[in-house]
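Peer 1: Supplied structure: protein-v7.cif, mmCIF, C-alpha atoms.
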data_start
#
loop_
_atom_site.label_atom_id
_atom_site.label_comp_id
_atom_site.auth_asym_id
_atom_site.auth_seq_id
_atom_site.Cartn_x
_atom_site.Cartn_y
_atom_site.Cartn_z
CA MET A 1 -0.96 -14.25 21.94
CA ASP A 2 0.41 -17.75 22.61
CA SER A 3 4.18 -17.40 22.53
CA LYS A 4 4.42 -20.75 20.75
CA GLN A 5 2.25 -19.62 17.86
CA LYS A 6 4.30 -19.43 14.69
CA VAL A 7 3.37 -17.39 11.66
CA THR A 8 5.08 -18.17 8.36
CA VAL A 9 5.94 -15.11 6.30
CA LYS A 10 5.45 -15.44 2.56
CA ARG A 11 8.60 -15.07 0.49
CA LEU A 12 8.19 -13.58 -2.94
CA LYS A 13 10.39 -13.47 -6.00
CA LEU A 14 10.82 -10.19 -7.81
CA GLY A 15 7.90 -9.71 -10.19
CA GLU A 16 5.67 -12.15 -8.31
CA MET A 17 2.23 -10.93 -7.29
CA TYR A 18 2.56 -8.95 -4.06
CA GLN A 19 -0.04 -7.75 -1.59
CA SER A 20 0.66 -5.46 1.32
CA PRO A 21 0.12 -6.87 4.83
CA ARG A 22 -2.96 -4.69 5.22
CA GLN A 23 -4.42 -6.00 1.95
CA ARG A 24 -3.81 -9.60 2.97
CA LEU A 25 -5.59 -9.00 6.28
CA TRP A 26 -8.51 -7.32 4.51
CA ASN A 27 -8.82 -10.19 2.02
CA GLU A 28 -9.16 -12.69 4.86
CA ILE A 29 -11.65 -10.50 6.73
CA ARG A 30 -13.84 -10.37 3.63
CA LYS A 31 -13.64 -14.14 3.20
CA SER A 32 -14.78 -14.68 6.81
CA SER A 33 -17.06 -11.65 6.94
CA GLN A 34 -19.77 -13.16 9.16
CA ARG A 35 -17.53 -14.37 11.99
CA PHE A 36 -13.80 -14.14 12.59
CA SER A 37 -11.28 -13.64 15.37
CA THR A 38 -7.96 -11.83 15.38
CA LYS A 39 -6.16 -15.17 15.63
CA ASP A 40 -8.10 -16.57 12.65
CA ILE A 41 -7.15 -13.63 10.44
CA SER A 42 -3.54 -13.58 11.64
CA LEU A 43 -3.02 -17.23 10.72
CA ALA A 44 -4.88 -17.05 7.40
CA ALA A 45 -3.06 -13.91 6.23
CA GLU A 46 0.30 -15.02 7.64
CA ILE A 47 0.74 -11.71 9.46
CA ASN A 48 1.93 -11.54 13.06
CA TYR A 49 -0.71 -11.30 15.77
CA SER A 50 0.28 -7.85 17.03
CA SER A 51 -0.06 -6.22 13.61
CA THR A 52 -3.33 -8.04 12.96
CA HIS A 53 -4.73 -6.90 16.31
CA SER A 54 -3.76 -3.29 15.56
CA TYR A 55 -5.53 -3.30 12.21
CA ILE A 56 -8.66 -5.04 13.51
CA THR A 57 -8.84 -2.60 16.44
CA ALA A 58 -8.59 0.35 14.04
CA LEU A 59 -11.31 -1.12 11.79
CA LYS A 60 -13.58 -1.54 14.81
CA LYS A 61 -13.03 2.08 15.86
CA ALA A 62 -13.81 3.16 12.30
CA GLY A 63 -17.15 1.26 12.39
CA ILE A 64 -16.13 -1.06 9.58
CA ILE A 65 -16.34 -4.20 11.73
CA SER A 66 -18.12 -4.90 15.01
CA GLU A 67 -17.83 -7.34 17.88
CA ILE A 68 -20.47 -10.09 17.91
CA GLU A 69 -19.35 -12.67 20.46
CA ARG A 70 -16.99 -13.44 23.33
CA THR A 71 -16.27 -17.01 24.40
CA PRO A 72 -13.86 -18.43 27.03
CA ARG A 73 -10.72 -19.80 25.42
CA ARG A 74 -10.47 -23.56 25.61
CA GLY A 75 -8.36 -24.68 28.54
CA LYS A 76 -7.97 -21.12 29.78
CA SER A 77 -9.44 -19.11 32.59
CA ARG A 78 -12.92 -17.70 32.03
CA ALA A 79 -11.32 -14.28 32.32
CA ILE A 80 -9.55 -14.92 29.01
CA GLU A 81 -11.99 -14.68 26.11
CA MET A 82 -11.84 -15.11 22.36
CA ILE A 83 -13.47 -12.14 20.66
CA TYR A 84 -15.29 -12.61 17.35
CA PHE A 85 -16.19 -9.91 14.86
CA LYS A 86 -18.24 -9.46 11.70
CA LEU A 87 -17.73 -7.19 8.72
CA ASP A 88 -20.35 -4.42 8.60
CA LYS A 89 -19.08 -2.17 5.80
CA ASP A 90 -17.48 -3.89 2.84
CA GLY A 91 -16.17 -1.14 0.58
CA GLY A 92 -14.73 -3.54 -2.00
CA TYR A 93 -11.40 -5.11 -2.77
CA THR A 94 -9.02 -2.36 -1.67
CA ALA A 95 -8.19 -2.51 2.03
CA PRO A 96 -9.33 0.54 4.00
CA ALA A 97 -6.48 2.77 5.16
CA VAL A 98 -7.19 3.71 8.77
CA ARG A 99 -5.23 5.36 11.52
CA LYS A 100 -4.94 3.74 14.93
CA ASN A 101 -7.69 6.02 16.26
CA GLY A 102 -10.13 4.77 13.59
CA GLU A 103 -9.84 7.78 11.28
CA ILE A 104 -10.24 6.70 7.67
CA ILE A 105 -7.51 8.14 5.48
CA GLU A 106 -8.72 9.73 2.27
CA GLU A 107 -6.20 12.05 0.74
CA ARG A 108 -5.17 13.44 -2.63
CA SER A 109 -1.46 12.79 -2.60
CA SER A 110 1.18 14.43 -4.73
CA SER A 111 1.84 11.04 -6.34
CA GLN A 112 -1.83 10.78 -7.31
CA ALA A 113 -1.81 14.27 -8.78
CA MET A 114 1.33 13.66 -10.84
CA TRP A 115 0.13 10.22 -11.98
CA ASN A 116 -3.21 11.69 -13.06
CA THR A 117 -1.41 14.39 -15.04
CA LEU A 118 0.80 11.88 -16.84
CA ARG A 119 -2.13 9.53 -17.57
CA ILE A 120 -4.74 12.05 -18.64
CA THR A 121 -2.68 14.49 -20.70
CA LYS A 122 -0.44 11.84 -22.32
CA GLN A 123 2.10 14.65 -22.77
CA ALA A 124 5.83 14.81 -22.01
CA PHE A 125 6.86 16.77 -18.93
CA SER A 126 10.01 17.97 -17.26
CA ALA A 127 10.05 17.95 -13.47
CA ASP A 128 9.35 21.70 -13.31
CA GLU A 129 6.47 21.39 -15.77
CA LEU A 130 4.92 18.40 -14.01
CA ALA A 131 5.14 20.09 -10.62
CA LYS A 132 3.43 23.19 -11.99
CA VAL A 133 0.64 21.39 -13.88
CA ALA A 134 -0.13 18.86 -11.14
CA SER A 135 -0.23 21.42 -8.30
CA THR A 136 -3.47 22.99 -7.07
CA ASP A 137 -4.35 25.66 -4.53
CA GLU A 138 -4.65 22.94 -1.87
CA LEU A 139 -1.72 20.80 -2.99
CA VAL A 140 1.61 22.33 -3.96
CA ILE A 141 4.19 19.99 -5.50
CA ASN A 142 7.81 21.07 -5.67
CA SER A 143 10.24 20.31 -8.47
CA THR A 144 12.37 18.04 -6.29
CA SER A 145 9.41 15.75 -5.57
CA ALA A 146 8.51 15.68 -9.25
CA THR A 147 12.11 14.85 -10.21
CA GLN A 148 12.24 11.94 -7.78
CA TYR A 149 8.88 10.57 -8.94
CA LEU A 150 9.74 10.84 -12.65
CA LYS A 151 13.14 9.17 -12.17
CA ALA A 152 11.61 6.33 -10.16
CA LEU A 153 8.87 5.69 -12.73
CA PHE A 154 11.44 5.76 -15.51
CA GLN A 155 13.60 3.20 -13.70
CA ALA A 156 10.50 1.04 -13.21
CA GLY A 157 9.71 1.11 -16.94
CA TYR A 158 6.65 3.38 -16.94
CA LEU A 159 8.15 6.33 -18.82
CA GLU A 160 10.17 7.08 -21.91
CA ILE A 161 12.56 10.00 -22.31
CA THR A 162 11.48 12.37 -25.05
CA ARG A 163 14.23 14.94 -24.49
CA LYS A 164 17.60 14.49 -22.85
CA PRO A 165 18.88 17.16 -20.46
CA THR A 166 20.79 20.16 -21.77
CA TYR A 167 22.64 23.06 -20.17
CA ARG A 168 20.21 25.55 -21.64
CA LYS A 169 17.49 27.28 -19.66
CA ASN A 170 14.59 24.90 -18.99
CA GLY A 171 16.82 22.06 -20.22
CA GLN A 172 15.55 19.38 -17.88
CA THR A 173 14.91 15.82 -19.05
CA LYS A 174 11.37 15.34 -20.36
CA TYR A 175 9.43 12.15 -19.77
CA ARG A 176 6.21 10.69 -21.16
CA LEU A 177 4.09 7.80 -19.92
CA LEU A 178 4.30 4.77 -22.18
CA PRO A 179 0.82 3.84 -23.50
CA ASN A 180 1.11 0.23 -22.34
CA MET A 181 2.11 1.33 -18.83
CA ASN A 182 -1.10 3.21 -18.07
CA THR A 183 -1.97 0.47 -15.58
CA GLY A 184 -4.88 2.11 -13.79
CA ALA A 185 -6.10 5.00 -11.68
CA ARG A 186 -4.02 4.40 -8.56
CA PRO A 187 -0.52 5.91 -8.64
CA PRO A 188 2.51 3.63 -8.44
CA SER A 189 3.93 4.04 -4.95
CA VAL A 190 7.60 4.97 -4.65
CA ARG A 191 8.55 3.46 -1.31
CA ARG A 192 11.38 4.06 1.15
CA ALA A 193 14.81 4.28 -0.45
CA LEU A 194 13.72 3.44 -4.00
CA GLN A 195 10.90 1.00 -4.66
CA VAL A 196 8.02 1.35 -7.08
CA PHE A 197 4.85 -0.58 -6.26
CA ASP A 198 1.86 -0.66 -8.62
CA TYR A 199 -1.39 -1.01 -6.65
CA ASN A 200 -3.35 -1.74 -9.82
CA LEU A 201 -1.22 -4.76 -10.71
CA SER A 202 -0.18 -5.67 -7.14
CA LEU A 203 3.40 -5.89 -8.39
CA ILE A 204 6.74 -4.52 -7.30
CA MET A 205 7.94 -2.99 -10.56
CA TYR A 206 11.39 -1.83 -9.46
CA GLN A 207 13.60 -1.67 -6.40
CA ASP A 208 17.14 -0.51 -5.96
CA THR A 209 18.48 -1.65 -2.61
CA PRO A 210 19.21 -5.02 -0.99
CA ILE A 211 17.74 -3.72 2.27
CA LEU A 212 14.35 -3.29 0.65
CA GLU A 213 14.75 -6.65 -1.05
CA ALA A 214 15.07 -8.28 2.37
CA GLU A 215 12.24 -6.17 3.75
CA ARG A 216 10.00 -7.14 0.87
CA LYS A 217 10.77 -10.82 1.28
CA TYR A 218 10.57 -11.13 5.04
CA GLY A 219 8.78 -8.10 6.39
CA ALA A 220 5.23 -8.58 7.64
CA GLU A 221 4.89 -5.61 9.98
CA MET A 222 2.31 -2.88 9.55
CA ASP A 223 3.66 0.59 8.76
CA GLY A 224 3.06 2.45 12.02
CA GLU A 225 0.39 5.13 12.10
CA PHE A 226 -1.08 4.35 8.69
CA LEU A 227 -1.24 0.59 9.27
CA ALA A 228 -0.16 -0.05 5.71
#
Translate the structure of the given file into structure tokens.
Peer 2:
Amino acid sequence: MDSKQKVTVKRLKLGEMYQSPRQRLWNEIRKSSQRFSTKDISLAAEINYSSTHSYITALKKAGIISEIERTPRRGKSRAIEMIYFKLDKDGGYTAPAVRKNGEIIEERSSSQAMWNTLRITKQAFSADELAKVASTDELVINSTSATQYLKALFQAGYLEITRKPTYRKNGQTKYRLLPNMNTGARPPSVRRALQVFDYNLSLIMYQDTPILEAERKYGAEMDGEFLA
């Protein structure tokens, strides 16, 4: 990467439409599906070159894109080439989640299981109840995880309290999904520290720390192994 290349990072206000770095890269790849370079996508998506290169490399290993052309870079040695790719497998709007080795990530997360339970049953649950109902033989959810998820969704405005906590047995707070907050099939993501992101609306619904506020405004790095 040319050390003089500058990439402007988008700054968002709370409540403004937000897209993850991976989603922004994927959007630009789809727009230029027949021919694009890493540099093209990096500049268009306003994501740094290193992160863009990592994601494009992972997509290539996954067979989602393929190399179509190599040309010498203008004013550079013939040994330095610009590599162009094309999109071979367009799975739709949502950016593919891939590991660095090209493995496509498809998992049923605990958040998905709890979100499905809240959406489909439309019932009120305590943390213990939600953990029990949402768990399966392959996926066991503990009460602590359910408590954290319920509290985060409540803070973000998704849930209402139908019963306040008591000191009696099974006296946990009970929550129910508000009808107008059934935003779609994908579960709101509770991020590091406390941040709730709704993939269906592409909105940050709630966050609790100034560190995440700064990260949300200025961060453009991919999230390590999962390239999110």
Peer 1: I need the residue nearest Leu87 in chain A from this list: A:Ser50, A:Gln34, A:Thr117, A:Gln112. Use all atoms listed in the file for the distance.
Peer 2: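 Looking only at the distances to Leu87 in chain A, the closest residue turns out to be A:Gln34.
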Peer 1: Would you kindly translate the PyMOL selection byres ((chain A and resi 89) around 12) into the concrete residues it picks from this file, as a list in words?
Peer 2: Trp26, Ile29, Arg30, Ser33, Gln34, Leu59, Lys60, Ala62, Gly63, Ile64, Ile65, Ser66, Lys86, Leu87, Asp88, Asp90, Gly91, Gly92, Tyr93, Ala95 and Pro96 of chain A
Peer 1: Limited to C-alpha atoms, could you put the picked residues into a file as a PDB file, in the coordinates of the input?
Peer 2:
ATOM      1  CA  TRP A  26      -8.510  -7.320   4.510  1.00  0.00           C
ATOM      2  CA  ILE A  29     -11.650 -10.500   6.730  1.00  0.00           C
ATOM      3  CA  ARG A  30     -13.840 -10.370   3.630  1.00  0.00           C
ATOM      4  CA  SER A  33     -17.060 -11.650   6.940  1.00  0.00           C
ATOM      5  CA  GLN A  34     -19.770 -13.160   9.160  1.00  0.00           C
ATOM      6  CA  LEU A  59     -11.310  -1.120  11.790  1.00  0.00           C
ATOM      7  CA  LYS A  60     -13.580  -1.540  14.810  1.00  0.00           C
ATOM      8  CA  ALA A  62     -13.810   3.160  12.300  1.00  0.00           C
ATOM      9  CA  GLY A  63     -17.150   1.260  12.390  1.00  0.00           C
ATOM     10  CA  ILE A  64     -16.130  -1.060   9.580  1.00  0.00           C
ATOM     11  CA  ILE A  65     -16.340  -4.200  11.730  1.00  0.00           C
ATOM     12  CA  SER A  66     -18.120  -4.900  15.010  1.00  0.00           C
ATOM     13  CA  LYS A  86     -18.240  -9.460  11.700  1.00  0.00           C
ATOM     14  CA  LEU A  87     -17.730  -7.190   8.720  1.00  0.00           C
ATOM     15  CA  ASP A  88     -20.350  -4.420   8.600  1.00  0.00           C
ATOM     16  CA  ASP A  90     -17.480  -3.890   2.840  1.00  0.00           C
ATOM     17  CA  GLY A  91     -16.170  -1.140   0.580  1.00  0.00           C
ATOM     18  CA  GLY A  92     -14.730  -3.540  -2.000  1.00  0.00           C
ATOM     19  CA  TYR A  93     -11.400  -5.110  -2.770  1.00  0.00           C
ATOM     20  CA  ALA A  95      -8.190  -2.510   2.030  1.00  0.00           C
ATOM     21  CA  PRO A  96      -9.330   0.540   4.000  1.00  0.00           C
TER      22      PRO A  96
END
Peer 1: Restricting the calculation to all atoms listed in the file, which member of A:Thr144, A:Leu177, A:Lys164, A:Ala156 is positioned closest to Ala124 in chain A?
Peer 2: A:Leu177
Peer 1: What is the distance, in Å and to one decimal place, between CA of Ile161 in chain A and CA of Val140 in chain A?
Peer 2: 24.7 Å
Peer 1: Check what the PyMOL selection byres ((chain A and resi 101) around 8) selects in the file above and give those residues as a PDB file with C-alpha atoms, in the frame of the given file.
Peer 2:
ATOM      1  CA  ALA A  58      -8.590   0.350  14.040  1.00  0.00           C
ATOM      2  CA  LYS A  61     -13.030   2.080  15.860  1.00  0.00           C
ATOM      3  CA  ALA A  62     -13.810   3.160  12.300  1.00  0.00           C
ATOM      4  CA  VAL A  98      -7.190   3.710   8.770  1.00  0.00           C
ATOM      5  CA  ARG A  99      -5.230   5.360  11.520  1.00  0.00           C
ATOM      6  CA  LYS A 100      -4.940   3.740  14.930  1.00  0.00           C
ATOM      7  CA  GLY A 102     -10.130   4.770  13.590  1.00  0.00           C
ATOM      8  CA  GLU A 103      -9.840   7.780  11.280  1.00  0.00           C
TER       9      GLU A 103
END
Peer 1: Given the choices A:Thr71, A:Ser110, A:Ser202, A:Ser37, which gets closest to Ile141 in chain A if the distance is worked out from only C-alpha atoms?
Peer 2: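 Of the candidates, the smallest distance to Ile141 in chain A is held by A:Ser110.
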Peer 1: Place a sphere of radius 9 Å on (-2.0, 9.1, -18.5) in the file coordinates and name every protein, DNA or RNA residue with an atom inside or on its surface, counting all atoms listed in the file; give the answer as a list in words.
Peer 2: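 The distance filter leaves exactly Trp115, Asn116, Thr117, Leu118, Arg119, Ile120, Thr121, Lys122, Gln123, Arg176, Leu177, Leu178, Pro179, Met181, Asn182, Gly184 and Ala185 of chain A.
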Peer 1: Please, which residues are within 10 Å of (6.4, 24.3, -11.2) by the file's coordinates, counting all atoms listed in the file, and could they come as a PyMOL selection string?
Peer 2: chain A and resi 126-135+140-144+146
Peer 1: For the residues in the current selection, export C-alpha atoms as a PDB file, keeping the file's coordinate frame.
Peer 2:
ATOM      1  CA  SER A 126      10.010  17.970 -17.260  1.00  0.00           C
ATOM      2  CA  ALA A 127      10.050  17.950 -13.470  1.00  0.00           C
ATOM      3  CA  ASP A 128       9.350  21.700 -13.310  1.00  0.00           C
ATOM      4  CA  GLU A 129       6.470  21.390 -15.770  1.00  0.00           C
ATOM      5  CA  LEU A 130       4.920  18.400 -14.010  1.00  0.00           C
ATOM      6  CA  ALA A 131       5.140  20.090 -10.620  1.00  0.00           C
ATOM      7  CA  LYS A 132       3.430  23.190 -11.990  1.00  0.00           C
ATOM      8  CA  VAL A 133       0.640  21.390 -13.880  1.00  0.00           C
ATOM      9  CA  ALA A 134      -0.130  18.860 -11.140  1.00  0.00           C
ATOM     10  CA  SER A 135      -0.230  21.420  -8.300  1.00  0.00           C
ATOM     11  CA  VAL A 140       1.610  22.330  -3.960  1.00  0.00           C
ATOM     12  CA  ILE A 141       4.190  19.990  -5.500  1.00  0.00           C
ATOM     13  CA  ASN A 142       7.810  21.070  -5.670  1.00  0.00           C
ATOM     14  CA  SER A 143      10.240  20.310  -8.470  1.00  0.00           C
ATOM     15  CA  THR A 144      12.370  18.040  -6.290  1.00  0.00           C
ATOM     16  CA  ALA A 146       8.510  15.680  -9.250  1.00  0.00           C
TER      17      ALA A 146
END
Peer 1: Mind giving me the straight-line distance from CA of Gln155 in chain A to CA of Ile105 in chain A in Å, one decimal?
Peer 2: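 Going from CA of Gln155 in chain A over to CA of Ile105 in chain A, I get 28.9 Å.
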Peer 1: Suppose you want the space between CA of Ala45 in chain A and CA of Tyr84 in chain A; what is it in Å?
Peer 2: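 Separation of CA of Ala45 in chain A and CA of Tyr84 in chain A: 16.6 Å.
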Peer 1: So that I can check the surroundings of Arg163 in chain A, please list as a list in words every protein, DNA and RNA residue that reaches within 12 Å of it, counting only C-alpha atoms and ignoring chain neighbours fewer than 5 positions away.
Peer 2: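 Listing them by chain and then by number gives Ala124, Phe125, Ser126, Asn170, Gly171, Gln172, Thr173, Lys174, Tyr175 and Arg176 of chain A.
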Peer 1: With C-alpha atoms kept, could you save the residues just selected as a short mmCIF file (atom, residue, chain, number, x, y, z; two decimals), in the coordinates of the input?
Peer 2:
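This is the output file selection-v3.cif:
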data_model
loop_
_atom_site.label_atom_id
_atom_site.label_comp_id
_atom_site.auth_asym_id
_atom_site.auth_seq_id
_atom_site.Cartn_x
_atom_site.Cartn_y
_atom_site.Cartn_z
CA ALA A 124 5.83 14.81 -22.01
CA PHE A 125 6.86 16.77 -18.93
CA SER A 126 10.01 17.97 -17.26
CA ASN A 170 14.59 24.90 -18.99
CA GLY A 171 16.82 22.06 -20.22
CA GLN A 172 15.55 19.38 -17.88
CA THR A 173 14.91 15.82 -19.05
CA LYS A 174 11.37 15.34 -20.36
CA TYR A 175 9.43 12.15 -19.77
CA ARG A 176 6.21 10.69 -21.16
#
Peer 1: Of the candidates A:Arg74, A:Lys151, A:Lys39, A:Arg186, which one gets nearest to Asn200 in chain A if we count only C-alpha atoms?
Peer 2: A:Arg186
Peer 1: Kindly indicate which residue among A:Ile83, A:Pro188, A:Arg168, A:Tyr55 lies nearest to Ala113 in chain A, using all atoms listed in the file for the distances.
Peer 2: A:Pro188
Peer 1: Identify which of the residues A:Thr183, A:Ser111, A:Gln23, A:Ser32 lies closest to Thr147 in chain A, counting only C-alpha atoms when measuring atom-to-atom distances.
Peer 2: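 When distances to Thr147 in chain A are compared using only C-alpha atoms, the smallest one comes from A:Ser111.
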Peer 1: Extending 6 Å beyond the listed atoms of range 114-130 of chain A on each side, what axis-aligned box results? I want centre and edge lengths in Å to one decimal, as lines of an AutoDock Vina configuration file.
Peer 2:
center_x = 2.7
center_y = 15.6
center_z = -16.8
size_x = 26.8
size_y = 24.2
size_z = 23.9
